[in-house]
$ cat structure.txt   # compact mmCIF, C-alpha atoms
# COMPACT_ATOMS: atom_id res chain seq x y z
CA ARG A 1 -51.25 52.04 18.26
CA TYR A 2 -48.36 54.47 18.26
CA ILE A 3 -46.09 51.83 16.71
CA GLU A 4 -48.69 51.05 14.04
CA SER A 5 -48.99 54.73 13.21
CA ALA A 6 -45.23 55.23 12.93
CA PRO A 7 -43.72 52.05 11.40
CA ASN A 8 -41.01 54.09 9.70
CA ASP A 9 -39.95 56.01 12.77
CA ALA A 10 -36.32 55.22 13.57
CA GLU A 11 -36.57 56.11 17.26
CA THR A 12 -39.55 53.77 17.66
CA GLN A 13 -37.70 50.90 16.02
CA LEU A 14 -34.67 51.51 18.26
CA ALA A 15 -36.85 51.55 21.38
CA LEU A 16 -38.52 48.29 20.32
CA ALA A 17 -35.20 46.63 19.48
CA ARG A 18 -33.81 47.51 22.90
CA ALA A 19 -37.00 46.49 24.72
CA PHE A 20 -37.07 43.07 23.09
CA SER A 21 -33.35 42.61 23.80
CA TRP A 22 -33.81 43.46 27.50
CA SER A 23 -36.80 41.10 27.72
CA GLY A 24 -34.77 38.17 26.36
CA LYS A 25 -36.30 38.02 22.86
CA PRO A 26 -33.26 38.30 20.57
CA ALA A 27 -35.04 37.33 17.33
CA GLU A 28 -37.64 40.09 17.75
CA SER A 29 -34.93 42.52 18.78
CA GLU A 30 -32.86 41.74 15.69
CA ARG A 31 -35.90 42.23 13.44
CA HIS A 32 -36.39 45.78 14.73
CA TYR A 33 -32.69 46.62 14.55
CA LEU A 34 -32.71 45.57 10.89
CA LYS A 35 -35.80 47.72 10.25
CA LEU A 36 -34.03 50.66 11.84
CA LEU A 37 -30.88 50.13 9.78
CA LYS A 38 -32.95 50.10 6.59
CA LEU A 39 -34.24 53.53 7.60
CA LYS A 40 -30.87 54.82 8.81
CA PRO A 41 -28.03 52.65 7.40
CA LYS A 42 -25.36 54.82 9.02
CA GLU A 43 -26.73 54.57 12.57
CA GLY A 44 -23.54 53.58 14.41
CA ASP A 45 -25.04 52.87 17.83
CA ALA A 46 -27.69 50.55 16.37
CA THR A 47 -25.08 48.74 14.29
CA TYR A 48 -22.99 48.23 17.43
CA GLU A 49 -25.96 47.00 19.49
CA LEU A 50 -27.03 44.58 16.76
CA ALA A 51 -23.47 43.23 16.65
CA LEU A 52 -23.58 42.55 20.40
CA LEU A 53 -26.90 40.75 20.00
CA ILE A 54 -25.54 38.52 17.24
CA ALA A 55 -22.18 37.93 18.95
CA ALA A 56 -23.95 35.93 21.66
CA GLN A 57 -24.59 33.26 19.02
CA GLN A 58 -21.41 31.25 18.51
CA ASP A 59 -22.12 30.41 14.85
CA ARG A 60 -22.67 34.09 13.93
CA ARG A 61 -19.51 35.66 15.28
CA ASP A 62 -18.08 36.39 11.83
CA GLU A 63 -21.25 38.34 11.09
CA ALA A 64 -20.91 40.18 14.40
CA MET A 65 -17.31 41.10 13.58
CA LYS A 66 -18.38 42.65 10.25
CA LEU A 67 -21.02 44.73 12.02
CA LEU A 68 -18.54 45.87 14.67
CA ALA A 69 -16.10 46.90 11.94
CA GLN A 70 -18.92 48.91 10.34
CA ALA A 71 -19.79 50.53 13.67
CA ILE A 72 -16.15 51.53 14.23
CA ASN A 73 -15.90 52.82 10.66
CA LEU A 74 -19.01 54.96 11.24
CA SER A 75 -17.69 56.19 14.58
CA PRO A 76 -13.92 55.63 15.04
CA THR A 77 -14.11 56.88 18.64
CA ASN A 78 -16.72 54.26 19.61
CA THR A 79 -14.54 52.63 22.24
CA GLN A 80 -17.31 50.28 23.35
CA ALA A 81 -17.41 48.84 19.83
CA ARG A 82 -13.62 48.45 19.92
CA PHE A 83 -13.87 46.68 23.26
CA ALA A 84 -16.60 44.36 21.91
CA GLN A 85 -14.49 43.68 18.82
CA ALA A 86 -11.60 42.60 21.03
CA MET A 87 -13.83 40.29 23.07
CA VAL A 88 -15.52 38.66 20.05
CA THR A 89 -12.04 38.14 18.60
CA ALA A 90 -11.07 36.35 21.83
CA TRP A 91 -14.26 34.25 21.81
CA SER A 92 -13.26 33.16 18.30
CA GLY A 93 -9.96 31.81 19.66
CA ARG A 94 -7.72 34.57 18.24
CA TYR A 95 -6.27 35.47 21.61
CA LYS A 96 -3.09 37.25 20.54
CA GLU A 97 -5.05 39.55 18.24
CA SER A 98 -7.54 40.28 21.03
CA ILE A 99 -4.75 41.07 23.50
CA ARG A 100 -3.25 43.56 21.03
CA MET A 101 -6.67 45.23 20.65
CA LEU A 102 -7.24 45.54 24.40
CA ARG A 103 -3.75 46.92 25.04
CA ALA A 104 -4.19 49.45 22.22
CA LEU A 105 -7.53 50.52 23.71
CA LYS A 106 -5.95 51.10 27.14
CA GLN A 107 -3.05 53.00 25.57
CA ASP A 108 -5.18 55.18 23.27
CA TYR A 109 -7.78 56.03 25.92
CA PRO A 110 -6.14 56.03 29.38
CA ASP A 111 -8.95 58.13 30.90
CA LEU A 112 -11.79 56.35 29.15
CA GLN A 113 -15.35 56.85 30.42
CA TRP A 114 -18.56 55.15 29.33
CA LYS A 115 -22.14 56.15 30.05
CA GLN A 116 -22.70 53.32 32.51
CA GLY A 117 -19.55 53.75 34.59
CA THR A 118 -16.76 55.99 35.82
CA GLY A 119 -13.34 56.07 34.24
CA SER A 120 -12.05 53.82 37.02
CA ASP A 121 -14.84 51.30 36.37
CA VAL A 122 -14.13 51.25 32.65
CA ASN A 123 -10.38 50.84 33.09
CA LEU A 124 -11.07 47.99 35.51
CA THR A 125 -13.41 46.41 32.95
CA ILE A 126 -10.77 46.57 30.24
CA GLY A 127 -8.06 45.41 32.65
CA LEU A 128 -10.17 42.47 33.79
CA ALA A 129 -10.87 41.56 30.17
CA LEU A 130 -7.16 41.72 29.36
CA GLY A 131 -6.34 39.52 32.34
CA ARG A 132 -9.04 37.06 31.30
CA VAL A 133 -7.93 36.81 27.65
CA LEU A 134 -4.30 36.40 28.71
CA SER A 135 -5.42 33.48 30.87
CA TRP A 136 -7.38 31.99 27.96
CA SER A 137 -4.21 32.17 25.88
CA ARG A 138 -2.41 30.40 28.75
CA GLU A 139 -0.16 33.39 29.43
CA TYR A 140 -0.84 32.92 33.11
CA ASP A 141 2.08 34.94 34.48
CA LYS A 142 1.11 37.99 32.41
CA SER A 143 -2.53 37.57 33.35
CA GLU A 144 -1.67 37.44 37.04
CA GLN A 145 0.50 40.54 36.74
CA VAL A 146 -2.38 42.48 35.16
CA LEU A 147 -4.82 41.37 37.88
CA ARG A 148 -2.42 42.10 40.74
CA ASP A 149 -1.72 45.55 39.26
CA LEU A 150 -5.47 46.20 39.31
CA LEU A 151 -5.69 45.01 42.93
CA SER A 152 -2.81 47.29 43.93
CA LYS A 153 -4.98 50.25 42.83
CA GLU A 154 -8.35 48.81 43.95
CA PRO A 155 -7.50 46.29 46.71
CA ASP A 156 -11.14 45.64 47.63
CA HIS A 157 -12.41 45.14 44.10
CA TRP A 158 -14.25 41.85 44.47
CA ALA A 159 -14.54 41.05 40.75
CA THR A 160 -10.76 41.27 40.38
CA LYS A 161 -10.23 38.99 43.38
CA ARG A 162 -12.70 36.54 41.86
CA GLU A 163 -10.89 36.66 38.51
CA LEU A 164 -7.57 35.99 40.27
CA GLY A 165 -9.09 32.96 41.97
CA MET A 166 -10.40 31.72 38.62
CA LEU A 167 -6.98 32.26 37.05
CA LEU A 168 -5.17 30.33 39.78
CA SER A 169 -7.65 27.47 39.39
CA TYR A 170 -6.57 27.04 35.76
CA GLN A 171 -2.99 26.25 36.84
CA TYR A 172 -2.33 22.86 38.37
CA ALA A 173 0.49 24.13 40.58
CA ARG A 174 -1.58 27.07 41.87
CA CYS A 175 -4.87 25.34 42.65
CA LYS A 176 -4.04 25.24 46.36
CA GLU A 177 -3.93 29.06 46.28
CA ALA A 178 -7.18 29.21 44.31
CA VAL A 179 -9.25 27.14 46.73
CA PRO A 180 -9.49 29.67 49.64
CA ILE A 181 -10.23 32.55 47.25
CA LEU A 182 -12.92 30.63 45.40
CA SER A 183 -14.35 29.28 48.65
CA ASP A 184 -14.79 32.90 49.81
CA VAL A 185 -16.40 33.78 46.47
CA VAL A 186 -18.88 30.89 46.76
CA GLU A 187 -19.62 31.76 50.38
CA ARG A 188 -20.24 35.38 49.38
CA ASP A 189 -22.48 34.44 46.45
CA SER A 190 -23.90 30.93 46.54
CA LYS A 191 -25.47 31.51 43.10
CA ASP A 192 -22.10 32.06 41.42
CA LEU A 193 -22.17 28.78 39.55
CA GLU A 194 -19.06 29.56 37.51
CA ALA A 195 -17.03 30.01 40.71
CA LYS A 196 -18.52 26.80 42.11
CA VAL A 197 -17.44 24.91 39.02
CA ALA A 198 -13.98 26.51 39.17
CA LEU A 199 -13.70 25.40 42.80
CA ALA A 200 -14.66 21.87 41.74
CA GLN A 201 -12.06 22.03 38.98
CA ALA A 202 -9.41 23.12 41.48
CA HIS A 203 -10.26 20.22 43.79
CA LEU A 204 -10.13 17.87 40.81
CA ALA A 205 -6.73 19.20 39.74
CA MET A 206 -5.47 18.58 43.27
CA GLN A 207 -6.70 14.98 42.92
CA PHE A 208 -9.55 15.41 45.38
CA PRO A 209 -12.48 14.18 43.25
CA GLU A 210 -14.39 13.45 46.46
CA LYS A 211 -14.44 17.22 47.14
CA ALA A 212 -15.28 18.12 43.54
CA GLN A 213 -18.13 15.65 43.14
CA PRO A 214 -20.53 17.13 45.77
CA LEU A 215 -20.19 20.58 44.20
CA LEU A 216 -20.92 19.22 40.72
CA THR A 217 -23.77 17.03 41.93
CA ALA A 218 -25.43 19.99 43.65
CA ILE A 219 -25.12 22.15 40.53
CA LEU A 220 -26.37 19.50 38.11
CA GLU A 221 -29.31 18.51 40.32
CA GLU A 222 -30.58 22.08 40.19
CA HIS A 223 -29.23 22.97 36.74
CA PRO A 224 -28.99 19.74 34.68
CA GLN A 225 -28.20 21.72 31.53
CA HIS A 226 -25.30 23.68 33.05
CA ALA A 227 -22.73 23.20 30.31
CA LEU A 228 -19.61 24.06 32.34
CA ALA A 229 -20.62 21.69 35.14
CA LEU A 230 -21.29 18.94 32.58
CA LYS A 231 -17.88 19.55 31.05
CA THR A 232 -16.20 19.35 34.47
CA GLN A 233 -18.13 16.21 35.34
CA GLY A 234 -16.86 14.72 32.09
CA SER A 235 -13.31 15.69 33.01
CA LEU A 236 -13.76 14.03 36.41
CA HIS A 237 -14.84 10.80 34.71
CA ALA A 238 -11.88 11.03 32.32
CA ALA A 239 -9.52 11.41 35.30
CA ASN A 240 -11.08 8.28 36.78
CA LYS A 241 -10.48 6.43 33.47
CA GLU A 242 -14.24 6.22 32.93
CA GLN A 243 -13.99 7.28 29.30
CA GLU A 244 -17.48 6.25 28.19
CA LYS A 245 -19.02 8.42 30.91
CA ALA A 246 -16.54 11.18 30.08
CA VAL A 247 -17.68 11.21 26.45
CA GLN A 248 -21.32 11.22 27.53
CA PHE A 249 -20.97 14.35 29.68
CA LEU A 250 -18.57 16.16 27.36
CA GLU A 251 -20.87 15.56 24.39
CA GLN A 252 -23.77 17.00 26.41
CA ALA A 253 -21.71 20.12 27.10
CA ARG A 254 -20.85 20.34 23.42
CA LYS A 255 -24.50 20.07 22.34
CA LEU A 256 -25.32 22.92 24.72
CA GLY A 257 -22.82 25.13 22.91
CA LEU A 258 -19.80 24.79 25.20
CA PHE A 259 -17.09 23.78 22.79
CA ASP A 260 -14.01 25.71 23.78
CA ALA A 261 -10.48 24.41 23.41
CA ASP A 262 -10.57 22.67 26.80
CA THR A 263 -13.78 20.78 25.98
CA ALA A 264 -12.54 19.83 22.54
CA ASN A 265 -9.23 18.60 23.92
CA ALA A 266 -10.83 16.57 26.72
CA LEU A 267 -13.39 15.02 24.38
CA SER A 268 -10.83 14.25 21.68
CA ASN A 269 -8.52 12.59 24.22
CA SER A 270 -11.39 10.50 25.63
CA TYR A 271 -12.18 9.26 22.14
CA LEU A 272 -8.49 8.43 21.67
CA ALA A 273 -8.51 6.47 24.94
CA LEU A 274 -11.47 4.49 23.56
CA ASP A 275 -9.48 3.75 20.37
CA LYS A 276 -11.82 5.94 18.34
CA ALA A 277 -9.13 7.86 16.49
CA GLN A 278 -11.39 9.01 13.66
CA GLU A 279 -13.80 10.64 16.13
CA ALA A 280 -10.82 12.13 17.99
CA GLU A 281 -9.52 13.66 14.75
CA SER A 282 -12.93 15.13 13.89
CA ILE A 283 -13.31 16.73 17.33
CA ALA A 284 -9.76 18.11 17.30
CA ARG A 285 -10.26 19.66 13.86
CA GLU A 286 -13.56 21.19 14.94
CA GLY A 287 -11.90 22.62 18.04
CA LEU A 288 -9.05 24.10 16.01
CA ARG A 289 -11.55 25.99 13.88
CA GLU A 290 -12.42 27.95 17.03
CA ALA A 291 -8.94 27.99 18.63
CA ALA A 292 -6.40 27.64 15.85
CA GLU A 293 -3.43 28.45 18.11
CA ASP A 294 -4.15 25.88 20.82
CA PRO A 295 -1.12 23.55 21.10
CA ARG A 296 -3.03 20.84 23.01
CA LEU A 297 -5.49 20.42 20.15
CA GLN A 298 -2.66 20.45 17.63
CA LEU A 299 -1.01 17.66 19.61
CA THR A 300 -4.21 15.64 19.95
CA LEU A 301 -4.86 16.00 16.23
CA ALA A 302 -1.34 14.77 15.43
CA LYS A 303 -1.74 11.76 17.73
CA SER A 304 -5.11 10.86 16.24
CA LEU A 305 -3.65 11.01 12.73
CA ILE A 306 -0.74 8.77 13.68
CA ARG A 307 -3.16 6.34 15.31
CA GLN A 308 -4.98 6.11 11.96
CA LYS A 309 -1.69 5.45 10.12
CA LYS A 310 -1.66 8.97 8.64
CA VAL A 311 1.89 9.14 9.93
CA GLU A 312 3.41 11.82 7.71
CA GLU A 313 0.59 14.27 8.33
CA GLY A 314 0.74 13.58 12.06
CA LEU A 315 4.52 13.98 12.23
CA ALA A 316 4.29 17.26 10.29
CA GLY A 317 2.01 18.57 13.04
CA LEU A 318 4.39 17.40 15.77
CA ARG A 319 7.41 18.97 14.08
CA ALA A 320 5.53 22.27 13.71
CA LEU A 321 4.79 22.21 17.43
CA ALA A 322 8.40 21.35 18.31
CA GLU A 323 9.66 24.49 16.55
CA ASP A 324 8.46 26.50 19.55
CA SER A 325 10.79 26.04 22.52
CA GLU A 326 7.98 26.07 25.10
CA HIS A 327 5.92 23.54 23.17
CA ARG A 328 9.05 21.42 22.70
CA LYS A 329 9.45 21.22 26.49
CA GLU A 330 5.89 19.94 26.82
CA LEU A 331 6.38 17.43 24.01
CA ALA A 332 9.53 16.19 25.72
CA LYS A 333 7.43 15.17 28.74
CA ILE A 334 5.58 12.63 26.58
CA SER A 335 8.45 11.75 24.26
CA PHE A 336 8.25 8.14 25.46
CA GLU A 337 4.94 7.83 23.58
CA PHE A 338 6.78 8.36 20.31
CA ALA A 339 9.99 6.50 21.17
CA GLY A 340 8.48 3.01 20.89
CA PRO A 341 6.73 2.77 17.48
CA ASN A 342 9.08 2.49 14.51
CA GLU A 343 7.26 5.16 12.49
CA THR A 344 7.57 7.85 15.20
CA ARG A 345 10.89 6.87 16.75
CA PRO A 346 13.03 9.16 14.51
CA PHE A 347 10.89 12.12 15.60
CA ALA A 348 11.35 11.16 19.27
CA VAL A 349 15.13 10.98 18.83
CA GLU A 350 15.20 14.35 17.06
CA LEU A 351 12.96 15.92 19.73
CA CYS A 352 15.03 14.59 22.62
CA ARG A 353 18.37 15.61 21.12
CA LYS A 354 17.14 19.19 20.63
CA THR A 355 15.73 19.26 24.15
CA LEU A 356 18.90 17.84 25.71
CA ALA A 357 20.99 20.46 23.91
CA ASP A 358 19.23 23.09 26.05
CA ASP A 359 18.54 20.90 29.09
CA PRO A 360 21.14 18.10 29.40
CA ASP A 361 19.49 16.65 32.51
CA ASN A 362 15.99 16.39 31.08
CA ILE A 363 14.86 13.13 32.69
CA HIS A 364 12.01 12.56 30.21
CA CYS A 365 14.32 12.60 27.19
CA LEU A 366 17.07 10.62 28.90
CA TRP A 367 14.55 7.91 29.74
CA SER A 368 13.03 7.95 26.25
CA LEU A 369 16.41 7.67 24.51
CA GLY A 370 17.44 4.93 26.89
$ encode --input "structure.txt" --output "structure tokens"
Amino acid sequence: RYIESAPNDAETQLALARAFSWSGKPAESERHYLKLLKLKPKEGDATYELALLIAAQQDRRDEAMKLLAQAINLSPTNTQARFAQAMVTAWSGRYKESIRMLRALKQDYPDLQWKQGTGSDVNLTIGLALGRVLSWSREYDKSEQVLRDLLSKEPDHWATKRELGMLLSYQYARCKEAVPILSDVVERDSKDLEAKVALAQAHLAMQFPEKAQPLLTAILEEHPQHALALKTQGSLHAANKEQEKAVQFLEQARKLGLFDADTANALSNSYLALDKAQEAESIAREGLREAAEDPRLQLTLAKSLIRQKKVEEGLAGLRALAEDSEHRKELAKISFEFAGPNETRPFAVELCRKTLADDPDNIHCLWSLG
């Protein structure tokens, strides 16, 4: 009755928007935020909260970014909006830009405090986010340094330990270190499905699919729509050369909204292994729209183009990758793939000669040239 009697009351609309958001009804929440913003277009907090609501929807992140920019323009000291802007930027695959934003936030507000936490909590939140985005951008050493710096100040901070375990699980050579940390995390919280999946991924990376499979089976039996578990199950099938099954699980993860660079790369490569180069190209291009800087997707796209006889376009992508010294080292590891076919052999020779100029004993290039 009160709501009916005061439909144009801004405080009522804000209370309703928040209540519907907390109760898991985003569409109703958005409707009341929009009503509020018609009444008070310059309400910075409401603009920020609406942006967060919309940012949860992958296909509306550009819209969320515009709202966050408005919120920051209305209140330049709204550090929560700046933090959200950095995270949405990262979710959109623009990792370097996000890292710059997070570092600027830490530098500009070293003693930052938010309503829901102490200054220490907030700095840990930003530090954890920075470590996470650095890991997403595959700057693992920098990510680890950030996390270990946090642990040096807060050695018992469980979330940081968990993040370190997750980070180590992303690196093939460090998975052995990740397993005990993630095992402790899972033992501490058996409902931490993300950590369970990360532990399965670590076992899989160590070539112990028999240890990964029980974890994935248990998750998917209880949560058959768990996108990350489906993705990992697909990766397990791909590792076992079961590409049809890999595509099946990876496509399920994709339909559920999990289409990060890893999923796109795994799915595109599975299609390539099935000699479905056109599908591989489509998936790679779709993945690059979300993660334009990802070198694995750039490589997969180039290979799919070459497979379809779009050789010049594919070689242009390979040459662009090879301009970066780190990417060139990775390309050198698979240079033999390009050394055989006549149309890609000149690129392989050029790649190997540049690599050998810096690393004369590079066994991959010596073998490819031979």
$ residues_around --input "structure.txt" --residues "stretch 223-233 of chain A" --least-positions-apart "5" --cutoff "7 Å" --atoms "all atoms listed in the file" --output "list in words"
Val197, Gln201, Leu216, Phe249, Leu250, Gln252, Ala253, Leu256, Leu258 and Thr263 of chain A
$ atom_distance --input "structure.txt" --atom1 "atom CA of A:Lys276" --atom2 "atom CA of A:Thr344"
19.7 Å
$ closest_atom_pairs --input "structure.txt" --of "stretch 223-322 of chain A" --to "stretch 336-343 of chain A" --cutoff "12 Å" --atoms "only C-alpha atoms" --output "tab-separated table"
residue	atom	partner	partner_atom	distance
A:Ala302	CA	A:Phe338	CA	11.4
A:Lys303	CA	A:Phe338	CA	9.5
A:Ile306	CA	A:Glu343	CA	8.9
A:Arg307	CA	A:Pro341	CA	10.7
A:Lys309	CA	A:Glu343	CA	9.3
A:Lys310	CA	A:Glu343	CA	10.4
A:Val311	CA	A:Glu343	CA	7.2
A:Glu312	CA	A:Glu343	CA	9.1
A:Gly314	CA	A:Glu343	CA	10.7
A:Leu315	CA	A:Glu343	CA	9.2
A:Leu318	CA	A:Phe338	CA	10.4
$ residues_around --input "structure.txt" --residues "A:Gly93" --least-positions-apart "4" --cutoff "8 Å" --atoms "only C-alpha atoms" --output "MDAnalysis selection string"
chainID A and resid 89 290:293
$ atom_distance --input "structure.txt" --atom1 "atom CA of A:Arg285" --atom2 "atom CA of A:Leu301"
6.9 Å
$ closest_residue --input "structure.txt" --among "A:Ala202, A:Ala15, A:Val186, A:Ala348" --to "A:Leu168" --atoms "only C-alpha atoms"
A:Ala202
$ atom_distance --input "structure.txt" --atom1 "atom CA of A:Lys245" --atom2 "atom CA of A:Ala178"
27.4 Å
$ residues_near_point --input "structure.txt" --point "(-19.4, 55.6, 9.9)" --cutoff "12 Å" --atoms "only C-alpha atoms" --output "ChimeraX atom specification"
/A:40-48,67-78
$ write_last_selection --input "structure.txt" --atoms "C-alpha atoms" --output "PDB file, in the frame of the given file"
ATOM      1  CA  LYS A  40     -30.870  54.820   8.810  1.00  0.00           C
ATOM      2  CA  PRO A  41     -28.030  52.650   7.400  1.00  0.00           C
ATOM      3  CA  LYS A  42     -25.360  54.820   9.020  1.00  0.00           C
ATOM      4  CA  GLU A  43     -26.730  54.570  12.570  1.00  0.00           C
ATOM      5  CA  GLY A  44     -23.540  53.580  14.410  1.00  0.00           C
ATOM      6  CA  ASP A  45     -25.040  52.870  17.830  1.00  0.00           C
ATOM      7  CA  ALA A  46     -27.690  50.550  16.370  1.00  0.00           C
ATOM      8  CA  THR A  47     -25.080  48.740  14.290  1.00  0.00           C
ATOM      9  CA  TYR A  48     -22.990  48.230  17.430  1.00  0.00           C
ATOM     10  CA  LEU A  67     -21.020  44.730  12.020  1.00  0.00           C
ATOM     11  CA  LEU A  68     -18.540  45.870  14.670  1.00  0.00           C
ATOM     12  CA  ALA A  69     -16.100  46.900  11.940  1.00  0.00           C
ATOM     13  CA  GLN A  70     -18.920  48.910  10.340  1.00  0.00           C
ATOM     14  CA  ALA A  71     -19.790  50.530  13.670  1.00  0.00           C
ATOM     15  CA  ILE A  72     -16.150  51.530  14.230  1.00  0.00           C
ATOM     16  CA  ASN A  73     -15.900  52.820  10.660  1.00  0.00           C
ATOM     17  CA  LEU A  74     -19.010  54.960  11.240  1.00  0.00           C
ATOM     18  CA  SER A  75     -17.690  56.190  14.580  1.00  0.00           C
ATOM     19  CA  PRO A  76     -13.920  55.630  15.040  1.00  0.00           C
ATOM     20  CA  THR A  77     -14.110  56.880  18.640  1.00  0.00           C
ATOM     21  CA  ASN A  78     -16.720  54.260  19.610  1.00  0.00           C
TER      22      ASN A  78
END
$ axis_aligned_box --input "structure.txt" --around "stretch 321-337 of chain A" --padding-each-side "8 Å" --output "JSON"
{"center_x": 7.8, "center_y": 17.2, "center_z": 22.6, "size_x": 22.0, "size_y": 34.7, "size_z": 28.2}
